[in-house]
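Trainee: First the structure, then my questions, so here it is.
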Amino acid sequence: MTKVLIATDGSESARAAAARAGELLGPVTEVTVLVVVTGLPGDDAGGIEGSTETPEEAEREVETERSDAAAAIDAVVAVLPPTWRSLVIRRVEAGDAGPMVVWVAEQNGADLIVVGSHGHGILQRLVMGSVSGHVVHHAPCPVLLVRAAPS
């Protein structure tokens with residue numbers, strides 16, 4: 001029984017990681033494709049007065065986030081083996097991406113987490129952090145980390 005969690009941000013490296021997992025792994029029993037939305041509507045720097053967005057702007061932002069998340073999941077599903085596609089559970093969560101991927105893996109009892117790596121240099125990782133690095137160091141199960149192809 002293999003439960004796979006594929007974390008995606010819609011990037012080429014995330015799609016490449018999903019495709020590579022499909023090549024390397026045999027049959028699976030469940031595939032969860034996860035998008036973590038990190039920016040929350042109305043979470044702008046409005047200060048004590050509240051958000052600077054109107055309710056209509058916030059709603060448009062929510063719709064854009066939903067649409068982007070659905071497109072990212074669809075792009076991953078498209079590169080999965082045909083036998084996996086009927087097993088896909090689509091999931092969108094909000095929060096800090098690295099900890100959220102680990103939390104979802106724990107909650108789902110994932111046997112493997114699949115993530116892509118953008119291959120940022122050490123300075124970018126120090127400044128921006130690394131979702132894949134967090135997942136590798138905190139995951140409750142093995143992690144398949146697929147590095148981005150060199151440019």
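Following the order of the structure tokens, first chain is A, next is B, and so on, with residues numbered from 1 inside each chain and ligands from 1 in the order they appear.
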Could you pull the residues within 10 Å of A:Arg66, counting only C-alpha atoms, minus those fewer than 5 positions along the same chain, as a PyMOL selection string?
Mentor: chain A and resi 35+37+60-61+71-72+92
Trainee: Just the selected residues (N, CA and C atoms), exported as a PDB file, in the first residue's frame, please.
Mentor:
ATOM      1  N   VAL A  35      -1.559  21.790  -3.174  1.00  0.00           N
ATOM      2  CA  VAL A  35      -1.095  23.157  -3.401  1.00  0.00           C
ATOM      3  C   VAL A  35      -1.282  23.897  -2.087  1.00  0.00           C
ATOM      4  N   VAL A  37      -1.442  27.548  -0.570  1.00  0.00           N
ATOM      5  CA  VAL A  37      -1.582  28.967  -0.871  1.00  0.00           C
ATOM      6  C   VAL A  37      -0.972  29.729   0.294  1.00  0.00           C
ATOM      7  N   ARG A  60     -12.055  38.710  -5.704  1.00  0.00           N
ATOM      8  CA  ARG A  60     -11.341  38.432  -6.968  1.00  0.00           C
ATOM      9  C   ARG A  60     -10.014  37.737  -6.694  1.00  0.00           C
ATOM     10  N   GLU A  61      -9.337  38.163  -5.629  1.00  0.00           N
ATOM     11  CA  GLU A  61      -8.065  37.541  -5.266  1.00  0.00           C
ATOM     12  C   GLU A  61      -8.268  36.079  -4.862  1.00  0.00           C
ATOM     13  N   ALA A  71      -5.259  24.982 -11.586  1.00  0.00           N
ATOM     14  CA  ALA A  71      -4.397  24.820 -12.763  1.00  0.00           C
ATOM     15  C   ALA A  71      -3.106  24.093 -12.402  1.00  0.00           C
ATOM     16  N   ALA A  72      -2.544  24.395 -11.236  1.00  0.00           N
ATOM     17  CA  ALA A  72      -1.312  23.719 -10.800  1.00  0.00           C
ATOM     18  C   ALA A  72      -1.566  22.228 -10.576  1.00  0.00           C
ATOM     19  N   VAL A  92      -6.100  21.714  -1.488  1.00  0.00           N
ATOM     20  CA  VAL A  92      -5.552  23.065  -1.393  1.00  0.00           C
ATOM     21  C   VAL A  92      -5.618  23.472   0.072  1.00  0.00           C
TER      22      VAL A  92
END
Trainee: Find the spatial neighbours of A:Ile6, counting only C-alpha atoms, within a cut-off of 7 Å - ignore same-chain residues fewer than 4 positions away - and output them as a list in words.
Mentor: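 Result of the neighbour search: Ala18, Thr32, Val33, Leu34, Ile113, Val114 and Val115 of chain A.
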Trainee: Create the file for the chosen residues now, containing C-alpha atoms and written as a compact mmCIF listing (two decimals), in the first residue's frame.
Mentor:
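Below is the file that was written, out_0.txt:
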# COMPACT_ATOMS: atom_id res chain seq x y z
CA ALA A 18 5.58 14.32 -10.32
CA THR A 32 -2.76 13.43 -3.03
CA VAL A 33 -1.77 16.47 -5.08
CA LEU A 34 -1.34 19.44 -2.74
CA ILE A 113 6.33 12.91 -0.31
CA VAL A 114 7.30 14.10 -3.79
CA VAL A 115 8.64 17.65 -4.17
Trainee: What separation in Å, quoted to one decimal, exists between atom CA of A:Ala14 and atom CA of A:Ala139?
Mentor: 17.5 Å
Trainee: Out of A:Asp111, A:Asp74, A:Glu63, A:Asp9, which residue has the shortest atom-to-atom distance to A:Gly98 when counting only C-alpha atoms?
Mentor: A:Asp9
Trainee: Find the spatial neighbours of A:Val4, counting only C-alpha atoms, within a cut-off of 10 Å - ignore same-chain residues fewer than 3 positions away - and output them as a VMD selection string.
Mentor: chain A and resid 1 7 21 25 28 to 33 88 105 108 to 114 143
